[in-house]
Structure formats: structure tokens, C-alpha cells
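Inspection log for the structure reproduced underneath, given as C-alpha cells.
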Amino acid sequence: MLVDARTLPHNHTIQADICIVGAGAAGITLACDLIGSAKTVAVLEGGDLAISSESQSVYQGEVVGHAYTPLDRDRLRFLGGTTNHWSGSCRPFQSSDFEAWPFGAEVMDAYYRRAQTVCQLGPYSYDPQDWKSAEAVPIDFPAGARLRSGVFQYSPPTRFGSVYRDQLTSAHNVTVYLNANVIDIETHEGSNEVTGLKVACFSGTRMRARARQYVLAAGGIETPRLLLNANQVRSAGLGNENDLVGRYFMDHPLVPGAATILADASRLEWPFYDHHLVGQHLIEGYFCATDEVQRKEGLPPFSIGLRSAAAAAAIFNDYELPESLRKRLSTDTANNLAFYVSRLITRAQSSWDWMYNQLWRAPPGQYLTFYSCGPDPNPDSRVTLSDTVDVLGMRRVKLDWRLPPDFEAKMRRAHELLAQELGGMGLARVRLESSATGFDPMQELAHGHHHMGTLRMQIDPRQGVVDENCRVHSLANLFIAGSAVFPSYACDDPTMTIVALSLRLSDHLKSLVG
């Protein structure tokens with residue numbers, strides 16, 4: 001059932017067994033999985049069925065670290081949350097990606113399989129060879145190669161608020177309250193439990209929510225903001241006994257155009273590493289290091305995808321990236337002449353027939369790399385509170401996103417490996433860009449819009465905010481859903497893992513007595 005909280009009486013109390021704060025990928029997955037269970041569920045969503053400037057304004061905050069998208073633009077605050085502008089990229093974390101987690105990939109596999117369906121994806125297979133087609137095939141790296149291929153599947157993308165709205169509306173044990181903004185989390189002195197939530201509407205109506213278990217599913221920035229603002233009983237905020245709430249903020253740095261690749265465009269390998277259809281499924285291949293090389297060289301998990309120069313130009317137009325890159329896309333086309341000439345000189349053949357077939361029928365392609373990675377978590381990369389308050393009286397956030405000082409060096413090393421592997425196989429020539437080439441890719445540094453890690457999961461409360469079941473260590477009935485609990489991250493969009501973790505949390509909540 002959907003209820004507009006503005007229609008409820010002042011000082012009304014919402015009662016449920018489980019109260020979920022936030023209706024994005026995590027909150028909706030959790031609520032839908034609890035449909036038909038013995039638990040009554042209340043979902044509190046601060047936004048409405050559509051976006052509004054009033055609700056979005058709550059997300060405004062200060063950015064003091066690396067340049068970052070304005071926070072009220074980086075997330076959407078209405079039913080479905082940020083899935084309303086999600087691109088749909090999915091891949092389960094690999095075994096090596098779980099090394100810092102309290103459990104491994106084998107625990108998550110069953111939940112990833114369920115998440116595959118929730119995210120409306122194709123077959124549960126992420127072996128690149130399973131996705132080769134007549135138009136695109138992955139590179140067959142030889143034994144001992146330092147790189148391998150990976151593959152992302154793309155959801156339609158699933159807009160959770162639209163796709164699962166009917167299920168939520170018709171559920172007998174789940175009620176979604178729209179325009180219900182949580183402004184405080186209540187506890188008592190000496191108690192290890194949450195006793196209730198204070199809820200407010202922009203219209204001025206105030207109410208409370210009471211439950212046996214509470215789940216915060218408001219995202220990697222807003223969830224720590226809620227905990228830090230709940231400081232009436234515990235001055236440092238809830239769950240913050242070890243000064244960990246808000247720390248280890250993570251996002252995927254994204255660098256477009258770190259290298260230019262010149263290759264034979266007629267080969268079927270190159271389309272595999274850009275977006276392409278296999279049947280009805282949108283697929284994207286990528287290059288990454290083998291686990292052995294990643295550990296040996298101390299590289300972060302990374303992915304390198306390709307875009308043709310034309311496709312990249314379109315992407316950059318959409319994102320309004322700097323003129324320097326657009327100029328490069330046009331001027332580099334002329335520089336392809338050197339590639340043609342070099343092929344003529346180095347070839348022993350000189351017949352007109354060869355020239356026609358090689359030069360005109362199979363011209364070289366020009367591609368730009370798209371690099372994304374997951375550097376080691378940094379405790380100084382964090383979310384704190386500023387001195388300004390929003391319209392509901394809550395202190396706003398301050399984001400300090402930091403990257404390691406060796407970020408550029410490791411990005412270049414990843415591209416060096418790519419150049420060596422592709423060159424060694426005779427597939428392509430790779431030019432690493434730098435300020436010396438007239439284009440500095442670090443000037444184009446962007447981010448994946450993925451808020452992660454601020455309430456990290458660790459068994460030891462001195463190392464993390466939540467335990468292996470996503471429960472806040474110091475509070476017996478408060479849980480966190482979403483990417484805020486990630487103790488580390490891969491090179492993937494986090495949505496599929498958010499959904500899988502929410503399904504795991506649902507199973508845990510169902511098992512609790514009472």
C-alpha cells in the first residue's frame with residue numbers, strides 16, 4: 001500500500017515490525033522480498049512519486065575534496081531513488097573483490113543469482129566467452145598474459161520505483177509512506193536499541209515511527225548523515241563510538257581518454273569492449289589485470305573499456321566535458337595518416353590488390369580508453385556534517401573525497417600493461433596520453449556517482465560500523481542496507497551487489513524472533 005504521509009494526522013504513530021528508511025534499490029528490494037512474510041513492514045520515503053526541487057534540496061551539501069558533482073544532483077530523492085537515472089551496469093564481485101569482507105563470494109553467489117532477476121538481467125553468466133557473437137568476440141589472451149577480459153551486463157535499466165510499484169501497492173503487509181522524512185533516530189541513555197524515529201513532512205506535519213527492527217537504506221551519504229545528526233543522547237552520533245561513521249567514503253574515479261588505440265577496425269574483437277547487443281542483452285567487455293598481476297604489482301581492481309572516437313565524442317557532448325578533449329577527437333583523425341603510412345612501409349607486400357584490401361576495406365579504427373578503478377579505502381576520505389541546516393532543521397553534509405597520491409601512476413601502469421599485451425599480440429598500437437602529448441587525461445578525472453563505504457562492514461567494531469549481518473555494532477535493532485556497508489569495492493557499478501546484500505539482509509530479518 002502507498003500512503004502520502006501528508007494526509008496523516010499530526011503526531012500520528014506508524015507501527016510495524018520492520019521500518020525501512022529509503023526507497024531506492026536497497027529499500028525496495030528489501031521491502032519486496034518481505035512481501036508475504038510474517039513481518040509487517042513500513043517504508044519511509046522522503047520524496048514523492050516524482051522529483052521535486054523541495055525534496056532534492058535536502059541533498060545539498062559542501063564539497064571540500066576532489067571536485068565532485070553537486071550532491072543534490074548526484075542522487076535522486078523520490079520513489080526508486082537513484083535507480084531513476086541508473087545506467088544499468090551490472091557484474092557480481094569476484095572472489096578477490098571480497099578479500100576485505102567478513103565473508104566470501106561463495107556466500108554471495110545465491111544472492112547474486114536472485115539479484116540477477118531483480119535487476120531484470122539475462123542469463124547468470126559473466127564468462128566473456130559465453131557472450132561472443134558473430135559481430136563481437138573477446139580477445140583470446142594466451143597463457144601467461146597479464147590481462148584478461150571481463151564482461152558487464154546491462155539492466156534495461158530497472159527503475160525500481162516504477163517496476164516494483166504495483167507489488168508494493170498491492171502488498172498486504174507492506175506500506176510505503178511517501179513524503180515521510182526521517183529527522184531523528186531516538187534512543188535512551190544506556191540503551192542499546194533504537195526506540196523510534198521522528199518523521200516530518202515539508203508541510204509541517206510531524207509524526208513518529210516505531211518498530212522492532214529498523215533499517216537505514218538511504219544511501220552512502222544520507223545514511224551516515226542520519227546517524228551523525230542523531231546526537232541528542234550520544235554526542236558523536238549513533239554507531240560512532242570509534243569515529244568511523246562517515247569515514248572510508250569511496251567512489252569510482254573515471255578517466256576518459258587516458259590512451260588512444262589504433263587498430264584494424266575490421267577485427268571482431270574491438271566491438272566487444274564497447275556497448276553492444278548480444279541477442280536482446282546489452283553487453284560491454286573490458287580489460288582487467290589477472291589476480292596474480294594485480295597482487296604482484298599492487299594495482300587496484302580496474303576496468304578499461306573502449307569507445308570509438310565517434311562514440312566518445314557523442315558521450316563527451318552529453319557530459320559537456322572540456323573543449324580540449326573535443327578538439328583532440330577531431331585533430332587525432334588526421335593523425336591516422338601516419339598509421340596508414342606505417343602499415344604500407346612495414347608490409348613486404350606491395351601489390352595494388354593488397355593495398356585495396358588492407359588500406360580501404362579494413363581501415364584502422366581509433367578508440368579511446370575509459371578507465372575506472374577501486375583504490376584502497378582511505379579513512380580520511382569521508383562524510384562529515386557542516387554548520388548549515390536544511391529546511392527540516394538537519395545539519396547538511398560535507399564531502400571530502402580523496403584519492404591516493406599514486407592514483408595516476410597506477411592508472412598509467414594499467415595502460416602500459418594493455419599496450420604491452422595488445423602490442424605483443426600484434427593487435428594494436430597504444431598511445432598513452434599525458435600533458436606531453438597535448439592532452440592530460442587527469443584534467444578529465446570524473447567519478448562514477450557511486451557512494452560507498454561510509455559505514456563499513458567488519459566483525460571487529462574497532463574496524464567497522466556494522467557486523468557481518470549489517471547490524472550496527474552498538475545497537476541491537478538497527479541495520480544498514482546499501483553500499484555504505486562495503487568495506488572495499490571492485491571496479492563495478494555497486495547496484496547489483498546492493499540488491500544481493502539486501503536480499504541477504506531480508507533473509508536475516510525473517511529469521512529473527514519477534
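In the C-alpha cells, each chain is lettered A, B, ... as it comes, each chain's residues begin at 1, and ligands are numbered from 1 in order of appearance.
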
Long-range neighbours of range 53-67 of chain A as a compact mmCIF listing (two decimals) with all heavy atoms, in the first residue's frame, 7 Å cut-off, only C-alpha atoms, 3 positions minimum in chain:
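around.txt written:
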```
# COMPACT_ATOMS: atom_id res chain seq x y z
N GLY A 47 10.84 11.42 -0.48
CA GLY A 47 10.31 12.04 -1.68
C GLY A 47 8.92 11.54 -2.01
O GLY A 47 8.28 10.84 -1.23
N LEU A 71 25.95 17.67 -4.76
CA LEU A 71 25.35 16.50 -4.12
C LEU A 71 23.85 16.39 -4.36
O LEU A 71 23.31 15.28 -4.37
CB LEU A 71 25.66 16.51 -2.63
CG LEU A 71 27.16 16.52 -2.28
CD1 LEU A 71 27.36 16.46 -0.77
CD2 LEU A 71 27.89 15.37 -2.96
N ASP A 72 23.18 17.50 -4.54
CA ASP A 72 21.73 17.43 -4.80
C ASP A 72 21.43 17.04 -6.24
O ASP A 72 20.27 16.79 -6.58
CB ASP A 72 21.05 18.75 -4.45
CG ASP A 72 21.60 19.93 -5.22
OD1 ASP A 72 22.79 19.90 -5.58
OD2 ASP A 72 20.85 20.89 -5.46
N LEU A 76 18.93 11.10 -6.56
CA LEU A 76 17.54 11.48 -6.78
C LEU A 76 16.71 11.06 -5.57
O LEU A 76 16.84 9.94 -5.07
CB LEU A 76 16.98 10.82 -8.05
CG LEU A 76 17.67 11.26 -9.34
CD1 LEU A 76 17.07 10.54 -10.54
CD2 LEU A 76 17.58 12.77 -9.53
N ARG A 77 15.83 11.95 -5.13
CA ARG A 77 15.12 11.76 -3.87
C ARG A 77 13.61 11.62 -4.14
O ARG A 77 12.83 12.50 -3.82
CB ARG A 77 15.43 12.92 -2.92
CG ARG A 77 15.16 12.63 -1.45
CD ARG A 77 15.71 13.75 -0.58
NE ARG A 77 15.64 13.42 0.83
CZ ARG A 77 14.59 13.67 1.61
NH1 ARG A 77 13.52 14.24 1.10
NH2 ARG A 77 14.62 13.33 2.89
N ASP A 390 19.25 22.20 6.77
CA ASP A 390 18.27 22.19 5.70
C ASP A 390 16.93 22.69 6.21
O ASP A 390 16.78 23.09 7.37
CB ASP A 390 18.18 20.79 5.07
CG ASP A 390 17.65 19.74 6.05
OD1 ASP A 390 17.01 20.09 7.06
OD2 ASP A 390 17.87 18.54 5.79
N ARG A 396 23.56 19.79 7.27
CA ARG A 396 23.92 19.28 5.95
C ARG A 396 25.28 18.58 6.00
O ARG A 396 26.00 18.66 6.99
CB ARG A 396 23.95 20.41 4.93
CG ARG A 396 22.59 21.09 4.71
CD ARG A 396 22.67 22.05 3.54
NE ARG A 396 21.43 22.78 3.32
CZ ARG A 396 20.39 22.31 2.64
NH1 ARG A 396 20.45 21.09 2.12
NH2 ARG A 396 19.30 23.04 2.47
N VAL A 397 25.62 17.91 4.89
CA VAL A 397 26.86 17.15 4.85
C VAL A 397 27.99 17.95 4.22
O VAL A 397 27.77 18.91 3.47
CB VAL A 397 26.69 15.82 4.09
CG1 VAL A 397 25.73 14.90 4.80
CG2 VAL A 397 26.27 16.07 2.65
N LYS A 398 29.19 17.49 4.52
CA LYS A 398 30.41 18.00 3.89
C LYS A 398 31.15 16.77 3.37
O LYS A 398 31.46 15.84 4.13
CB LYS A 398 31.26 18.75 4.90
CG LYS A 398 32.54 19.33 4.34
CD LYS A 398 33.42 19.93 5.43
CE LYS A 398 32.73 21.08 6.13
NZ LYS A 398 33.64 21.71 7.13
N LEU A 399 31.43 16.75 2.07
CA LEU A 399 32.09 15.60 1.45
C LEU A 399 33.54 15.93 1.14
O LEU A 399 33.82 16.92 0.46
CB LEU A 399 31.36 15.19 0.16
CG LEU A 399 32.04 14.08 -0.65
CD1 LEU A 399 32.08 12.77 0.13
CD2 LEU A 399 31.34 13.89 -2.00
N ASP A 400 34.44 15.07 1.60
CA ASP A 400 35.87 15.19 1.32
C ASP A 400 36.31 13.90 0.65
O ASP A 400 36.72 12.94 1.31
CB ASP A 400 36.64 15.43 2.62
CG ASP A 400 38.12 15.70 2.39
OD1 ASP A 400 38.56 15.62 1.23
OD2 ASP A 400 38.83 16.00 3.37
N TRP A 401 36.18 13.86 -0.69
CA TRP A 401 36.57 12.66 -1.44
C TRP A 401 38.05 12.75 -1.78
O TRP A 401 38.51 13.74 -2.37
CB TRP A 401 35.74 12.56 -2.72
CG TRP A 401 36.07 11.37 -3.58
CD1 TRP A 401 36.30 10.10 -3.16
CD2 TRP A 401 36.18 11.35 -5.01
NE1 TRP A 401 36.54 9.28 -4.24
CE2 TRP A 401 36.47 10.01 -5.38
CE3 TRP A 401 36.04 12.32 -6.01
CZ2 TRP A 401 36.64 9.64 -6.73
CZ3 TRP A 401 36.20 11.94 -7.33
CH2 TRP A 401 36.50 10.62 -7.67
N ARG A 402 38.80 11.71 -1.41
CA ARG A 402 40.24 11.72 -1.63
C ARG A 402 40.67 10.49 -2.42
O ARG A 402 40.13 9.40 -2.25
CB ARG A 402 40.99 11.74 -0.29
CG ARG A 402 40.64 12.95 0.56
CD ARG A 402 41.59 13.09 1.73
NE ARG A 402 41.19 14.19 2.60
CZ ARG A 402 41.95 14.64 3.60
NH1 ARG A 402 43.12 14.07 3.86
NH2 ARG A 402 41.52 15.64 4.36
```

Neighbour list for Thr158 in chain A as a VMD selection string, cut-off 8 Å, only C-alpha atoms, skip fewer than 4 positions in-chain = chain A and resid 83 88 119 to 120 163

Written selection (all heavy atoms) as a PDB file, in the first residue's frame:
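Just written: again02.pdb:
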```pdb
ATOM      1  N   THR A  83      18.041   4.844  -8.815  1.00  0.00           N
ATOM      2  CA  THR A  83      17.799   3.952  -9.957  1.00  0.00           C
ATOM      3  C   THR A  83      17.044   4.683 -11.057  1.00  0.00           C
ATOM      4  O   THR A  83      17.006   4.207 -12.195  1.00  0.00           O
ATOM      5  CB  THR A  83      17.009   2.687  -9.557  1.00  0.00           C
ATOM      6  OG1 THR A  83      15.676   3.044  -9.176  1.00  0.00           O
ATOM      7  CG2 THR A  83      17.697   1.948  -8.418  1.00  0.00           C
ATOM      8  N   GLY A  88      22.526   1.064 -15.507  1.00  0.00           N
ATOM      9  CA  GLY A  88      22.182  -0.351 -15.614  1.00  0.00           C
ATOM     10  C   GLY A  88      23.343  -1.313 -15.589  1.00  0.00           C
ATOM     11  O   GLY A  88      23.151  -2.528 -15.691  1.00  0.00           O
ATOM     12  N   CYS A 119      17.170  -7.343 -11.024  1.00  0.00           N
ATOM     13  CA  CYS A 119      17.704  -6.305 -11.909  1.00  0.00           C
ATOM     14  C   CYS A 119      17.330  -6.526 -13.369  1.00  0.00           C
ATOM     15  O   CYS A 119      17.811  -5.787 -14.242  1.00  0.00           O
ATOM     16  CB  CYS A 119      19.220  -6.219 -11.762  1.00  0.00           C
ATOM     17  SG  CYS A 119      19.779  -5.651 -10.139  1.00  0.00           S
ATOM     18  N   GLN A 120      16.511  -7.536 -13.638  1.00  0.00           N
ATOM     19  CA  GLN A 120      15.995  -7.819 -14.983  1.00  0.00           C
ATOM     20  C   GLN A 120      17.116  -8.058 -15.995  1.00  0.00           C
ATOM     21  O   GLN A 120      17.092  -7.554 -17.122  1.00  0.00           O
ATOM     22  CB  GLN A 120      15.088  -6.673 -15.454  1.00  0.00           C
ATOM     23  CG  GLN A 120      13.891  -6.417 -14.555  1.00  0.00           C
ATOM     24  CD  GLN A 120      13.038  -5.262 -15.034  1.00  0.00           C
ATOM     25  OE1 GLN A 120      13.515  -4.140 -15.201  1.00  0.00           O
ATOM     26  NE2 GLN A 120      11.751  -5.518 -15.283  1.00  0.00           N
ATOM     27  N   VAL A 163       9.012  -0.187 -11.703  1.00  0.00           N
ATOM     28  CA  VAL A 163       8.884  -1.630 -11.944  1.00  0.00           C
ATOM     29  C   VAL A 163       8.212  -2.340 -10.771  1.00  0.00           C
ATOM     30  O   VAL A 163       7.384  -3.241 -10.964  1.00  0.00           O
ATOM     31  CB  VAL A 163      10.268  -2.242 -12.234  1.00  0.00           C
ATOM     32  CG1 VAL A 163      10.198  -3.771 -12.280  1.00  0.00           C
ATOM     33  CG2 VAL A 163      10.823  -1.703 -13.550  1.00  0.00           C
TER      34      VAL A 163
END
```

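Shortest separation to Val43 in chain A among A:Thr7, A:Thr384, A:Asn181, A:Ser170 occurs at residue A:Asn181, atoms counted being only C-alpha atoms.
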
Tell me, as JSON, numbers by chain, which residues lie within 9 Å of range 409-411 of chain A, counting only C-alpha atoms; anything in the same chain fewer than 3 positions away does not count.
-> {"A": [255, 258, 298, 299, 300, 302, 371, 372, 373, 405, 406, 414, 415, 416]}

File of the preceding selection, N, CA and C atoms, as a PDB file, in the first residue's frame:
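What ended up in again.pdb:
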```pdb
ATOM      1  N   VAL A 255      38.414   7.952 -15.682  1.00  0.00           N
ATOM      2  CA  VAL A 255      39.279   8.775 -16.533  1.00  0.00           C
ATOM      3  C   VAL A 255      39.023   8.406 -17.989  1.00  0.00           C
ATOM      4  N   ALA A 258      42.468   8.129 -21.389  1.00  0.00           N
ATOM      5  CA  ALA A 258      43.831   8.019 -20.865  1.00  0.00           C
ATOM      6  C   ALA A 258      44.790   7.472 -21.914  1.00  0.00           C
ATOM      7  N   GLY A 298      50.489  -4.529  -6.989  1.00  0.00           N
ATOM      8  CA  GLY A 298      49.786  -3.619  -6.087  1.00  0.00           C
ATOM      9  C   GLY A 298      48.802  -2.721  -6.793  1.00  0.00           C
ATOM     10  N   LEU A 299      48.169  -3.235  -7.828  1.00  0.00           N
ATOM     11  CA  LEU A 299      47.208  -2.442  -8.592  1.00  0.00           C
ATOM     12  C   LEU A 299      45.821  -2.566  -7.977  1.00  0.00           C
ATOM     13  N   PRO A 300      45.021  -1.528  -8.068  1.00  0.00           N
ATOM     14  CA  PRO A 300      43.634  -1.634  -7.617  1.00  0.00           C
ATOM     15  C   PRO A 300      42.843  -2.449  -8.633  1.00  0.00           C
ATOM     16  N   PHE A 302      40.638  -2.783 -11.563  1.00  0.00           N
ATOM     17  CA  PHE A 302      40.354  -1.759 -12.569  1.00  0.00           C
ATOM     18  C   PHE A 302      39.693  -2.390 -13.781  1.00  0.00           C
ATOM     19  N   TYR A 371      38.815   4.356 -18.262  1.00  0.00           N
ATOM     20  CA  TYR A 371      39.437   3.680 -17.121  1.00  0.00           C
ATOM     21  C   TYR A 371      38.649   3.956 -15.846  1.00  0.00           C
ATOM     22  N   SER A 372      38.351   2.891 -15.109  1.00  0.00           N
ATOM     23  CA  SER A 372      37.691   3.022 -13.809  1.00  0.00           C
ATOM     24  C   SER A 372      38.363   2.055 -12.856  1.00  0.00           C
ATOM     25  N   CYS A 373      38.418   2.417 -11.569  1.00  0.00           N
ATOM     26  CA  CYS A 373      39.092   1.537 -10.623  1.00  0.00           C
ATOM     27  C   CYS A 373      38.542   1.732  -9.211  1.00  0.00           C
ATOM     28  N   PRO A 405      47.805   9.232  -3.574  1.00  0.00           N
ATOM     29  CA  PRO A 405      48.768  10.026  -4.360  1.00  0.00           C
ATOM     30  C   PRO A 405      49.338   9.272  -5.556  1.00  0.00           C
ATOM     31  N   ASP A 406      49.292   7.945  -5.533  1.00  0.00           N
ATOM     32  CA  ASP A 406      49.829   7.171  -6.652  1.00  0.00           C
ATOM     33  C   ASP A 406      48.745   6.778  -7.656  1.00  0.00           C
ATOM     34  N   ALA A 414      48.442   0.416 -15.559  1.00  0.00           N
ATOM     35  CA  ALA A 414      47.390  -0.420 -16.141  1.00  0.00           C
ATOM     36  C   ALA A 414      47.374  -0.278 -17.657  1.00  0.00           C
ATOM     37  N   HIS A 415      47.559   0.942 -18.144  1.00  0.00           N
ATOM     38  CA  HIS A 415      47.568   1.159 -19.587  1.00  0.00           C
ATOM     39  C   HIS A 415      48.856   0.653 -20.235  1.00  0.00           C
ATOM     40  N   GLU A 416      49.959   0.700 -19.500  1.00  0.00           N
ATOM     41  CA  GLU A 416      51.195   0.111 -20.021  1.00  0.00           C
ATOM     42  C   GLU A 416      51.024  -1.386 -20.241  1.00  0.00           C
TER      43      GLU A 416
END
```

Step one, run DSSP on the backbone; step two, keep only residues of range 65-139 of chain A assigned to helix (DSSP H, G or I); then write them as a ChimeraX atom specification.
-> /A:71-74,81-85,95-98,105-118,128-131

Keeping only N, CA and C atoms, write the selected residues to a file as a compact mmCIF listing (two decimals), in the first residue's frame.
```
# COMPACT_ATOMS: atom_id res chain seq x y z
N LEU A 71 25.95 17.67 -4.76
CA LEU A 71 25.35 16.50 -4.12
C LEU A 71 23.85 16.39 -4.36
N ASP A 72 23.18 17.50 -4.54
CA ASP A 72 21.73 17.43 -4.80
C ASP A 72 21.43 17.04 -6.24
N ARG A 73 22.46 16.96 -7.08
CA ARG A 73 22.29 16.46 -8.44
C ARG A 73 22.78 15.03 -8.57
N ASP A 74 23.60 14.59 -7.64
CA ASP A 74 24.23 13.28 -7.76
C ASP A 74 23.30 12.16 -7.32
N GLY A 81 14.55 6.15 -5.94
CA GLY A 81 15.87 6.72 -5.66
C GLY A 81 16.69 6.93 -6.92
N THR A 82 17.97 6.68 -6.81
CA THR A 82 18.89 6.96 -7.90
C THR A 82 18.81 5.92 -9.01
N THR A 83 18.04 4.84 -8.81
CA THR A 83 17.80 3.95 -9.96
C THR A 83 17.04 4.68 -11.06
N ASN A 84 16.47 5.85 -10.73
CA ASN A 84 15.76 6.63 -11.74
C ASN A 84 16.69 7.26 -12.76
N HIS A 85 18.01 7.27 -12.50
CA HIS A 85 18.94 7.66 -13.56
C HIS A 85 20.16 6.74 -13.61
N SER A 95 35.88 -13.26 -6.51
CA SER A 95 36.43 -13.74 -5.23
C SER A 95 37.45 -12.78 -4.64
N SER A 96 38.35 -12.26 -5.48
CA SER A 96 39.38 -11.36 -4.99
C SER A 96 38.80 -10.04 -4.48
N ASP A 97 37.62 -9.67 -4.94
CA ASP A 97 36.99 -8.42 -4.51
C ASP A 97 36.46 -8.50 -3.08
N PHE A 98 36.33 -9.72 -2.54
CA PHE A 98 35.77 -9.91 -1.21
C PHE A 98 36.84 -10.12 -0.13
N ALA A 105 32.84 -14.77 -1.76
CA ALA A 105 31.95 -14.82 -2.91
C ALA A 105 31.02 -16.01 -2.85
N GLU A 106 31.46 -17.09 -2.20
CA GLU A 106 30.60 -18.27 -2.14
C GLU A 106 29.33 -18.01 -1.34
N VAL A 107 29.40 -17.12 -0.35
CA VAL A 107 28.22 -16.75 0.43
C VAL A 107 27.26 -15.91 -0.43
N MET A 108 27.82 -15.09 -1.27
CA MET A 108 27.01 -14.15 -2.05
C MET A 108 26.45 -14.74 -3.32
N ASP A 109 26.96 -15.87 -3.78
CA ASP A 109 26.57 -16.38 -5.09
C ASP A 109 25.06 -16.58 -5.22
N ALA A 110 24.45 -17.21 -4.22
CA ALA A 110 23.00 -17.45 -4.30
C ALA A 110 22.22 -16.14 -4.34
N TYR A 111 22.71 -15.13 -3.63
CA TYR A 111 22.02 -13.83 -3.62
C TYR A 111 22.24 -13.08 -4.93
N TYR A 112 23.42 -13.24 -5.52
CA TYR A 112 23.65 -12.63 -6.84
C TYR A 112 22.71 -13.25 -7.88
N ARG A 113 22.48 -14.53 -7.78
CA ARG A 113 21.57 -15.18 -8.73
C ARG A 113 20.16 -14.61 -8.59
N ARG A 114 19.75 -14.36 -7.36
CA ARG A 114 18.44 -13.75 -7.15
C ARG A 114 18.43 -12.28 -7.61
N ALA A 115 19.56 -11.59 -7.37
CA ALA A 115 19.67 -10.19 -7.81
C ALA A 115 19.61 -10.08 -9.33
N GLN A 116 20.09 -11.11 -10.03
CA GLN A 116 20.05 -11.13 -11.49
C GLN A 116 18.62 -10.95 -11.99
N THR A 117 17.69 -11.59 -11.30
CA THR A 117 16.28 -11.48 -11.68
C THR A 117 15.71 -10.12 -11.28
N VAL A 118 16.03 -9.69 -10.06
CA VAL A 118 15.52 -8.40 -9.58
C VAL A 118 15.95 -7.27 -10.52
N PRO A 128 33.27 -14.08 -20.43
CA PRO A 128 33.22 -13.38 -21.72
C PRO A 128 32.95 -14.31 -22.90
N GLN A 129 33.46 -15.54 -22.83
CA GLN A 129 33.27 -16.45 -23.94
C GLN A 129 31.80 -16.81 -24.15
N ASP A 130 31.02 -16.71 -23.10
CA ASP A 130 29.58 -17.00 -23.22
C ASP A 130 28.83 -15.88 -23.92
N TRP A 131 29.50 -14.76 -24.15
CA TRP A 131 28.82 -13.61 -24.75
C TRP A 131 29.42 -13.22 -26.09
```

How close does range 411-481 of chain A get to range 204-228 of chain A? List, as a tab-separated table, each residue of range 411-481 of chain A within 12 Å, its nearest atom pair and the distance in Å to one decimal, counting only C-alpha atoms.
```
residue	atom	partner	partner_atom	distance
A:His449	CA	A:Gly220	CA	10.7
A:His450	CA	A:Gly220	CA	8.2
A:His451	CA	A:Gly220	CA	4.7
A:Met452	CA	A:Gly220	CA	5.1
A:Gly453	CA	A:Gly220	CA	6.8
A:Thr454	CA	A:Gly220	CA	6.0
A:Leu455	CA	A:Pro224	CA	7.0
A:Arg456	CA	A:Gly220	CA	10.1
A:Val465	CA	A:Pro224	CA	10.3
A:Val466	CA	A:Leu216	CA	11.8
A:Asn469	CA	A:Val215	CA	11.7
A:Cys470	CA	A:Val215	CA	9.3
A:Arg471	CA	A:Val215	CA	8.8
A:Val472	CA	A:Val215	CA	9.9
A:Leu475	CA	A:Tyr214	CA	10.2
A:Ala476	CA	A:Gln213	CA	8.5
A:Asn477	CA	A:Gln213	CA	4.8
A:Leu478	CA	A:Tyr214	CA	4.9
A:Phe479	CA	A:Val215	CA	4.6
A:Ile480	CA	A:Leu216	CA	4.9
A:Ala481	CA	A:Ala217	CA	4.8
```

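You can rank A:Leu2, A:Cys90, A:Cys491, A:Ala419 by their closest distance to Arg165 in chain A using only C-alpha atoms, and at the top of that list sits A:Leu2.
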